[in-house]
$ cat final17.json   # JSON, C-alpha atoms (C1' of nucleotides)
[["chain", "number", "residue", "atom", "x", "y", "z"],
["A", 141, "MET", "CA", 5.01, -4.82, 3.02],
["A", 142, "PHE", "CA", 1.37, -4.39, 2.05],
["A", 143, "ARG", "CA", 0.76, -7.61, 3.87],
["A", 144, "ALA", "CA", 2.32, -6.23, 7.03],
["A", 145, "LEU", "CA", 0.11, -3.16, 6.95],
["A", 146, "ALA", "CA", -3.01, -5.02, 5.89],
["A", 147, "ASP", "CA", -4.03, -6.13, 9.34],
["A", 148, "PRO", "CA", -5.89, -3.39, 11.28],
["A", 149, "SER", "CA", -4.35, -4.25, 14.65],
["A", 150, "ARG", "CA", -0.87, -4.31, 13.22],
["A", 151, "ARG", "CA", -1.41, -1.07, 11.35],
["A", 152, "ALA", "CA", -2.74, 0.51, 14.53],
["A", 153, "ILE", "CA", 0.40, -0.53, 16.37],
["A", 154, "PHE", "CA", 2.54, 0.87, 13.59],
["A", 155, "GLU", "CA", 0.61, 4.14, 13.56],
["A", 156, "SER", "CA", 0.95, 4.31, 17.31],
["A", 157, "LEU", "CA", 4.71, 4.02, 16.93],
["A", 158, "THR", "CA", 4.79, 6.90, 14.46],
["A", 159, "ARG", "CA", 3.84, 9.08, 17.40],
["A", 160, "GLY", "CA", 6.94, 8.00, 19.25],
["A", 161, "GLU", "CA", 8.76, 4.92, 20.40],
["A", 162, "SER", "CA", 7.35, 2.81, 23.17],
["A", 163, "ASP", "CA", 7.88, -0.50, 24.87],
["A", 164, "VAL", "CA", 5.78, -3.60, 24.47],
["A", 165, "GLN", "CA", 4.03, -3.14, 27.78],
["A", 166, "THR", "CA", 2.78, 0.31, 26.84],
["A", 167, "LEU", "CA", 1.63, -0.86, 23.45],
["A", 168, "THR", "CA", -0.21, -3.77, 25.02],
["A", 169, "SER", "CA", -2.03, -1.40, 27.34],
["A", 170, "ARG", "CA", -3.15, 0.68, 24.37],
["A", 171, "PHE", "CA", -4.88, -2.16, 22.54],
["A", 172, "ASP", "CA", -7.31, -4.82, 23.54],
["A", 173, "ILE", "CA", -5.10, -7.77, 22.69],
["A", 174, "SER", "CA", -2.69, -9.87, 24.71],
["A", 175, "GLN", "CA", 1.02, -9.16, 25.08],
["A", 176, "PRO", "CA", 2.05, -12.12, 22.91],
["A", 177, "ALA", "CA", -0.26, -10.87, 20.16],
["A", 178, "VAL", "CA", 1.49, -7.49, 20.29],
["A", 179, "SER", "CA", 4.90, -9.15, 20.21],
["A", 180, "GLN", "CA", 3.84, -11.18, 17.19],
["A", 181, "HIS", "CA", 2.66, -8.07, 15.38],
["A", 182, "LEU", "CA", 5.91, -6.32, 16.23],
["A", 183, "ALA", "CA", 7.85, -9.30, 14.89],
["A", 184, "ALA", "CA", 5.90, -9.08, 11.64],
["A", 185, "LEU", "CA", 6.49, -5.34, 11.34],
["A", 186, "LYS", "CA", 10.16, -5.82, 12.12],
["A", 187, "SER", "CA", 10.43, -8.60, 9.56],
["A", 188, "ALA", "CA", 8.93, -6.21, 7.01],
["A", 189, "GLY", "CA", 11.57, -3.65, 7.96],
["A", 190, "LEU", "CA", 8.99, -1.19, 9.21],
["A", 191, "VAL", "CA", 10.14, -1.03, 12.82],
["A", 192, "ASN", "CA", 13.10, -1.98, 14.94],
["A", 193, "GLY", "CA", 13.52, -2.68, 18.61],
["A", 194, "ARG", "CA", 16.21, -1.91, 21.10],
["A", 195, "ARG", "CA", 16.49, -3.55, 24.48],
["A", 196, "ASP", "CA", 16.91, -1.35, 27.54],
["A", 197, "GLY", "CA", 17.02, -3.43, 30.68],
["A", 198, "ARG", "CA", 13.95, -5.57, 30.87],
["A", 199, "ARG", "CA", 12.03, -3.56, 28.36],
["A", 200, "VAL", "CA", 12.27, -3.50, 24.60],
["A", 201, "TYR", "CA", 11.52, -0.20, 22.95],
["A", 202, "TYR", "CA", 10.21, -0.23, 19.41],
["A", 203, "ARG", "CA", 10.26, 2.61, 16.96],
["A", 204, "VAL", "CA", 9.43, 3.15, 13.31],
["A", 205, "GLU", "CA", 12.21, 2.47, 10.85],
["A", 206, "PRO", "CA", 11.84, 5.45, 8.48],
["A", 207, "ARG", "CA", 13.65, 3.74, 5.63],
["A", 208, "GLY", "CA", 11.12, 0.95, 5.89],
["A", 209, "MET", "CA", 8.65, 3.06, 3.99],
["A", 210, "LYS", "CA", 10.91, 3.14, 0.95],
["A", 211, "PRO", "CA", 9.42, 0.07, -0.75],
["A", 212, "LEU", "CA", 5.97, 1.59, -0.46],
["A", 213, "ILE", "CA", 7.16, 4.94, -1.82],
["A", 214, "ASP", "CA", 9.02, 3.08, -4.54],
["A", 215, "TRP", "CA", 5.93, 1.19, -5.48],
["A", 216, "ILE", "CA", 3.84, 4.32, -5.74],
["A", 217, "THR", "CA", 6.58, 6.11, -7.61],
["A", 218, "TYR", "CA", 6.95, 3.26, -10.05],
["A", 219, "TYR", "CA", 3.28, 3.23, -10.92],
["A", 220, "ARG", "CA", 3.05, 6.97, -10.63],
["A", 221, "ALA", "CA", 3.39, 7.22, -14.42],
["A", 222, "PHE", "CA", -0.13, 5.91, -14.67],
["A", 223, "TRP", "CA", -1.99, 8.28, -12.40],
["A", 224, "THR", "CA", 0.24, 11.07, -13.52],
["A", 225, "GLU", "CA", -1.63, 10.96, -16.80],
["A", 226, "HIS", "CA", -4.97, 10.99, -15.08],
["A", 227, "VAL", "CA", -4.84, 13.07, -11.96],
["A", 228, "GLY", "CA", -1.71, 15.16, -12.45],
["A", 229, "ARG", "CA", 1.69, 14.89, -10.87],
["A", 230, "LEU", "CA", 1.80, 13.07, -7.57],
["A", 231, "GLU", "CA", 3.56, 16.02, -6.07],
["A", 232, "LYS", "CA", 0.62, 18.25, -6.97],
["A", 233, "LEU", "CA", -1.70, 15.80, -5.35],
["A", 234, "LEU", "CA", 0.47, 15.83, -2.28],
["A", 235, "GLU", "CA", 0.44, 19.62, -2.19],
["A", 236, "LYS", "CA", -3.32, 19.51, -2.31],
["A", 237, "MET", "CA", -3.25, 17.20, 0.70],
["A", 238, "ASP", "CA", -1.56, 19.95, 2.66],
["A", 239, "GLU", "CA", -4.66, 22.12, 2.57],
["B", 59, "MET", "CA", -7.06, -0.89, 0.73],
["B", 60, "PHE", "CA", -3.84, -2.38, 2.07],
["B", 61, "ARG", "CA", -5.75, -5.60, 2.32],
["B", 62, "ALA", "CA", -6.69, -5.44, -1.35],
["B", 63, "LEU", "CA", -3.08, -4.93, -2.41],
["B", 64, "ALA", "CA", -1.66, -7.43, 0.07],
["B", 65, "ASP", "CA", -2.28, -10.50, -2.05],
["B", 66, "PRO", "CA", 0.44, -11.04, -4.69],
["B", 67, "SER", "CA", -1.92, -12.31, -7.38],
["B", 68, "ARG", "CA", -4.31, -9.45, -6.85],
["B", 69, "ARG", "CA", -1.51, -6.90, -6.84],
["B", 70, "ALA", "CA", -0.15, -8.43, -10.05],
["B", 71, "ILE", "CA", -3.54, -8.03, -11.68],
["B", 72, "PHE", "CA", -3.73, -4.44, -10.50],
["B", 73, "GLU", "CA", -0.23, -3.69, -11.75],
["B", 74, "SER", "CA", -1.12, -5.28, -15.05],
["B", 75, "LEU", "CA", -4.07, -2.94, -15.34],
["B", 76, "THR", "CA", -1.87, 0.09, -14.76],
["B", 77, "ARG", "CA", -0.35, -0.70, -18.15],
["B", 78, "GLY", "CA", -3.74, -0.34, -19.77],
["B", 79, "GLU", "CA", -7.26, -1.63, -19.53],
["B", 80, "SER", "CA", -8.06, -5.18, -20.46],
["B", 81, "ASP", "CA", -10.86, -7.68, -20.33],
["B", 82, "VAL", "CA", -11.12, -10.62, -17.99],
["B", 83, "GLN", "CA", -10.15, -13.13, -20.64],
["B", 84, "THR", "CA", -6.87, -11.38, -21.38],
["B", 85, "LEU", "CA", -6.06, -11.05, -17.71],
["B", 86, "THR", "CA", -6.80, -14.73, -17.15],
["B", 87, "SER", "CA", -4.39, -15.65, -19.92],
["B", 88, "ARG", "CA", -1.67, -13.60, -18.28],
["B", 89, "PHE", "CA", -1.77, -15.43, -14.96],
["B", 90, "ASP", "CA", -1.79, -19.03, -13.95],
["B", 91, "ILE", "CA", -5.11, -18.98, -12.16],
["B", 92, "SER", "CA", -8.65, -19.73, -13.27],
["B", 93, "GLN", "CA", -11.07, -17.19, -14.69],
["B", 94, "PRO", "CA", -13.26, -17.21, -11.57],
["B", 95, "ALA", "CA", -10.20, -16.48, -9.45],
["B", 96, "VAL", "CA", -9.45, -13.48, -11.63],
["B", 97, "SER", "CA", -13.05, -12.30, -11.40],
["B", 98, "GLN", "CA", -12.92, -12.62, -7.63],
["B", 99, "HIS", "CA", -9.75, -10.57, -7.46],
["B", 100, "LEU", "CA", -11.28, -7.95, -9.72],
["B", 101, "ALA", "CA", -14.34, -7.84, -7.47],
["B", 102, "ALA", "CA", -12.08, -7.27, -4.48],
["B", 103, "LEU", "CA", -10.14, -4.53, -6.25],
["B", 104, "LYS", "CA", -13.37, -2.93, -7.39],
["B", 105, "SER", "CA", -14.80, -3.10, -3.90],
["B", 106, "ALA", "CA", -11.68, -1.31, -2.69],
["B", 107, "GLY", "CA", -12.28, 1.38, -5.29],
["B", 108, "LEU", "CA", -9.03, 0.59, -7.10],
["B", 109, "VAL", "CA", -10.52, -0.45, -10.43],
["B", 110, "ASN", "CA", -13.77, -0.24, -12.31],
["B", 111, "GLY", "CA", -15.26, -2.27, -15.10],
["B", 112, "ARG", "CA", -17.30, -1.41, -18.14],
["B", 113, "ARG", "CA", -19.21, -3.93, -20.17],
["B", 114, "ASP", "CA", -18.79, -3.95, -23.92],
["B", 115, "GLY", "CA", -20.77, -6.73, -25.48],
["B", 116, "ARG", "CA", -19.82, -9.99, -23.91],
["B", 117, "ARG", "CA", -16.61, -8.69, -22.49],
["B", 118, "VAL", "CA", -16.00, -6.59, -19.45],
["B", 119, "TYR", "CA", -13.05, -4.26, -19.59],
["B", 120, "TYR", "CA", -11.39, -3.27, -16.35],
["B", 121, "ARG", "CA", -9.17, -0.31, -15.76],
["B", 122, "VAL", "CA", -7.49, 1.33, -12.82],
["B", 123, "GLU", "CA", -9.53, 3.90, -10.99],
["B", 124, "PRO", "CA", -6.92, 6.66, -10.46],
["B", 125, "ARG", "CA", -8.78, 8.25, -7.56],
["B", 126, "GLY", "CA", -8.68, 4.89, -5.83],
["B", 127, "MET", "CA", -5.10, 5.57, -4.83],
["B", 128, "LYS", "CA", -6.16, 8.58, -2.81],
["B", 129, "PRO", "CA", -6.59, 6.69, 0.47],
["B", 130, "LEU", "CA", -3.09, 5.33, 0.16],
["B", 131, "ILE", "CA", -1.65, 8.74, -0.67],
["B", 132, "ASP", "CA", -3.70, 10.18, 2.18],
["B", 133, "TRP", "CA", -2.32, 7.62, 4.55],
["B", 134, "ILE", "CA", 1.27, 8.31, 3.59],
["B", 135, "THR", "CA", 0.67, 12.02, 3.69],
["B", 136, "TYR", "CA", -0.90, 11.82, 7.11],
["B", 137, "TYR", "CA", 2.05, 10.00, 8.60],
["B", 138, "ARG", "CA", 4.47, 11.96, 6.46],
["B", 139, "ALA", "CA", 5.11, 14.23, 9.43],
["B", 140, "PHE", "CA", 7.02, 11.41, 11.01],
["B", 141, "TRP", "CA", 9.47, 10.49, 8.26],
["B", 142, "THR", "CA", 9.73, 14.12, 7.33],
["B", 143, "GLU", "CA", 11.72, 14.57, 10.52],
["B", 144, "HIS", "CA", 13.94, 11.64, 9.71],
["B", 145, "VAL", "CA", 14.48, 11.40, 6.00],
["B", 146, "GLY", "CA", 13.45, 14.81, 4.72],
["B", 147, "ARG", "CA", 10.39, 15.90, 2.82],
["B", 148, "LEU", "CA", 8.56, 13.18, 0.98],
["B", 149, "GLU", "CA", 8.81, 15.25, -2.16],
["B", 150, "LYS", "CA", 12.58, 15.20, -1.91],
["B", 151, "LEU", "CA", 12.49, 11.49, -1.48],
["B", 152, "LEU", "CA", 10.31, 11.24, -4.54],
["B", 153, "GLU", "CA", 12.70, 13.38, -6.52],
["B", 154, "LYS", "CA", 15.51, 11.09, -5.54],
["B", 155, "MET", "CA", 13.48, 8.16, -6.80],
["B", 156, "ASP", "CA", 13.51, 9.77, -10.23],
["B", 157, "GLU", "CA", 17.21, 9.24, -10.62],
["C", 65, "DC", "C1'", -34.82, -19.40, -30.03],
["C", 66, "DA", "C1'", -30.77, -22.28, -29.56],
["C", 67, "DT", "C1'", -26.08, -22.43, -29.01],
["C", 68, "DA", "C1'", -21.75, -20.61, -27.94],
["C", 69, "DC", "C1'", -19.21, -17.25, -25.55],
["C", 70, "DA", "C1'", -17.60, -14.13, -21.60],
["C", 71, "DC", "C1'", -18.01, -13.25, -17.06],
["C", 72, "DA", "C1'", -20.01, -13.57, -12.34],
["C", 73, "DT", "C1'", -21.57, -16.18, -8.52],
["C", 74, "DA", "C1'", -21.98, -20.43, -5.51],
["C", 75, "DA", "C1'", -20.13, -24.05, -2.85],
["C", 76, "DG", "C1'", -16.51, -26.45, -0.99],
["C", 77, "DC", "C1'", -11.77, -27.11, 0.35],
["C", 78, "DA", "C1'", -7.24, -26.34, 2.11],
["C", 79, "DT", "C1'", -3.96, -23.12, 3.72],
["C", 80, "DA", "C1'", -2.74, -18.88, 6.05],
["C", 81, "DG", "C1'", -2.96, -16.04, 9.79],
["C", 82, "DA", "C1'", -4.61, -13.60, 13.98],
["C", 83, "DC", "C1'", -5.68, -14.70, 18.33],
["C", 84, "DT", "C1'", -5.46, -17.31, 22.87],
["C", 85, "DT", "C1'", -3.03, -19.68, 27.03],
["C", 86, "DA", "C1'", 1.02, -21.80, 28.54],
["C", 87, "DT", "C1'", 5.93, -21.73, 28.78],
["C", 88, "DT", "C1'", 10.69, -20.10, 28.01],
["C", 89, "DA", "C1'", 14.37, -16.54, 27.86],
["C", 90, "DG", "C1'", 16.53, -12.44, 29.63],
["C", 91, "DT", "C1'", 17.18, -8.80, 33.19],
["C", 92, "DC", "C1'", 17.08, -6.59, 37.55],
["C", 93, "DG", "C1'", 16.74, -6.14, 42.83],
["C", 94, "DG", "C1'", 17.14, -8.25, 47.33],
["D", 123, "DC", "C1'", 20.93, -17.40, 43.58],
["D", 124, "DC", "C1'", 15.84, -16.30, 43.77],
["D", 125, "DG", "C1'", 11.82, -14.23, 42.88],
["D", 126, "DA", "C1'", 9.57, -10.76, 40.24],
["D", 127, "DC", "C1'", 9.16, -8.55, 35.85],
["D", 128, "DT", "C1'", 9.19, -7.95, 30.75],
["D", 129, "DA", "C1'", 9.19, -9.80, 26.34],
["D", 130, "DA", "C1'", 9.54, -13.70, 23.02],
["D", 131, "DT", "C1'", 8.29, -18.25, 21.59],
["D", 132, "DA", "C1'", 5.34, -22.64, 21.41],
["D", 133, "DA", "C1'", 1.21, -24.93, 20.66],
["D", 134, "DG", "C1'", -3.43, -25.03, 19.64],
["D", 135, "DT", "C1'", -7.84, -22.99, 17.90],
["D", 136, "DC", "C1'", -10.88, -20.58, 14.96],
["D", 137, "DT", "C1'", -11.77, -17.57, 11.22],
["D", 138, "DA", "C1'", -10.51, -15.45, 6.86],
["D", 139, "DT", "C1'", -9.29, -16.06, 2.37],
["D", 140, "DG", "C1'", -7.57, -17.64, -2.08],
["D", 141, "DC", "C1'", -8.22, -21.30, -4.91],
["D", 142, "DT", "C1'", -10.89, -24.91, -7.40],
["D", 143, "DT", "C1'", -15.07, -26.93, -10.07],
["D", 144, "DA", "C1'", -19.83, -26.31, -11.07],
["D", 145, "DT", "C1'", -23.52, -23.43, -12.20],
["D", 146, "DG", "C1'", -25.94, -19.07, -13.28],
["D", 147, "DT", "C1'", -26.44, -14.63, -15.93],
["D", 148, "DG", "C1'", -26.03, -11.86, -19.76],
["D", 149, "DT", "C1'", -24.94, -11.05, -24.75],
["D", 150, "DA", "C1'", -24.11, -11.92, -29.50],
["D", 151, "DT", "C1'", -24.88, -14.95, -33.59],
["D", 152, "DG", "C1'", -26.73, -18.40, -36.96]]
$ encode --input "final17.json" --output "structure tokens"
Amino acid sequence: MFRALADPSRRAIFESLTRGESDVQTLTSRFDISQPAVSQHLAALKSAGLVNGRRDGRRVYYRVEPRGMKPLIDWITYYRAFWTEHVGRLEKLLEKMDE
Amino acid sequence: MFRALADPSRRAIFESLTRGESDVQTLTSRFDISQPAVSQHLAALKSAGLVNGRRDGRRVYYRVEPRGMKPLIDWITYYRAFWTEHVGRLEKLLEKMDE
DNA sequence: CATACACATAAGCATAGACTTATTAGTCGG
DNA sequence: CCGACTAATAAGTCTATGCTTATGTGTATG
């Protein structure tokens, strides 16, 4: 989970996918790494449940798996009790972020 | 940030600190790694802005830096737009987590 | 001040992991 | 089928990193 998002390249790919699904070829063109490297990152993200891929002809389109974020949200929520005492309710913090 | 929380041992130390501040000695006793290893993890967490330490006599007490979570919250908030469309407002998700 | 104590830093090692260049596995068009 | 095309896997390399033991730094105490 954290591990999957720890690598900058992999996180960049993930972030790229949040802006819409795309195939491996397109992703490869967006970053300065080889196609196999992209595929390996996608495999790692998929294994972490953060993305999933669907094959359409020759191409495989990847998109973010929204439920994949649940562990991260869970983690924050679980430890929320702590910062709740110090910086106020997480929700309030999130509201602030909206500004 | 993600990198700092990616390592299981380091995350365990961090989570331990969310339950209250403690000195290096106590932390070392809680985990099956050497004191230097703990110090190195603490240095990494500190460098990521997740904890801070205060010296009291011979001991150094570490505690979670609440504001250190901001980048993570920011990150989620920034990409919130995406899962908002798919799984509803993050706040709703968080409410659900309360159950 | 000499010793013990608590922690940090240094140095070295061994594994993990992020790339690369082949190569293999599917899928389509002629 | 065959060749081109797209993606996944294999194999190898090189760096990052998490650990260890050894040593250094700072602080209290007799």
$ interface_residues --input "final17.json" --of "chain A" --to "chain C" --cutoff "8 Å" --atoms "only C-alpha atoms (C1' of nucleotides)" --output "count of residues only"
3
$ atom_distance --input "final17.json" --atom1 "CA of Glu205 (chain A)" --atom2 "CA of Leu190 (chain A)"
5.1 Å
$ closest_residue --input "final17.json" --among "B:Thr135, B:Gln98, B:Thr86, B:Ser92" --to "chain A" --atoms "only C-alpha atoms"
B:Thr135
$ atom_distance --input "final17.json" --atom1 "CA of Asp114 (chain B)" --atom2 "CA of Gly126 (chain B)"
22.5 Å
$ interface_residues --input "final17.json" --of "chain B" --to "chain A" --cutoff "6 Å" --atoms "all atoms listed in the file" --output "PyMOL selection string"
chain B and resi 60-61+64+124+141
$ atom_distance --input "final17.json" --atom1 "CA of Val164 (chain A)" --atom2 "CA of Gly189 (chain A)"
17.5 Å
$ interface_residues --input "final17.json" --of "chain D" --to "chain B" --cutoff "9 Å" --atoms "only C-alpha atoms (C1' of nucleotides)" --output "short mmCIF file (atom, residue, chain, number, x, y, z; two decimals) with C-alpha atoms (C1' of nucleotides), in the frame of the given file"
data_model
loop_
_atom_site.label_atom_id
_atom_site.label_comp_id
_atom_site.auth_asym_id
_atom_site.auth_seq_id
_atom_site.Cartn_x
_atom_site.Cartn_y
_atom_site.Cartn_z
"C1'" DG D 140 -7.57 -17.64 -2.08
"C1'" DC D 141 -8.22 -21.30 -4.91
"C1'" DT D 142 -10.89 -24.91 -7.40
"C1'" DG D 148 -26.03 -11.86 -19.76
"C1'" DT D 149 -24.94 -11.05 -24.75
"C1'" DA D 150 -24.11 -11.92 -29.50
#
$ residues_around --input "final17.json" --residues "Arg195 (chain A)" --least-positions-apart "5" --cutoff "12 Å" --atoms "only C-alpha atoms (C1' of nucleotides)" --output "VMD selection string"
(chain A and resid 162 to 164 200 to 203) or (chain C and resid 90 to 91) or (chain D and resid 128 to 129)
$ closest_residue --input "final17.json" --among "A:Glu161, A:Trp215, A:Arg150, A:Ser169" --to "Asn192 (chain A)" --atoms "only C-alpha atoms"
A:Glu161
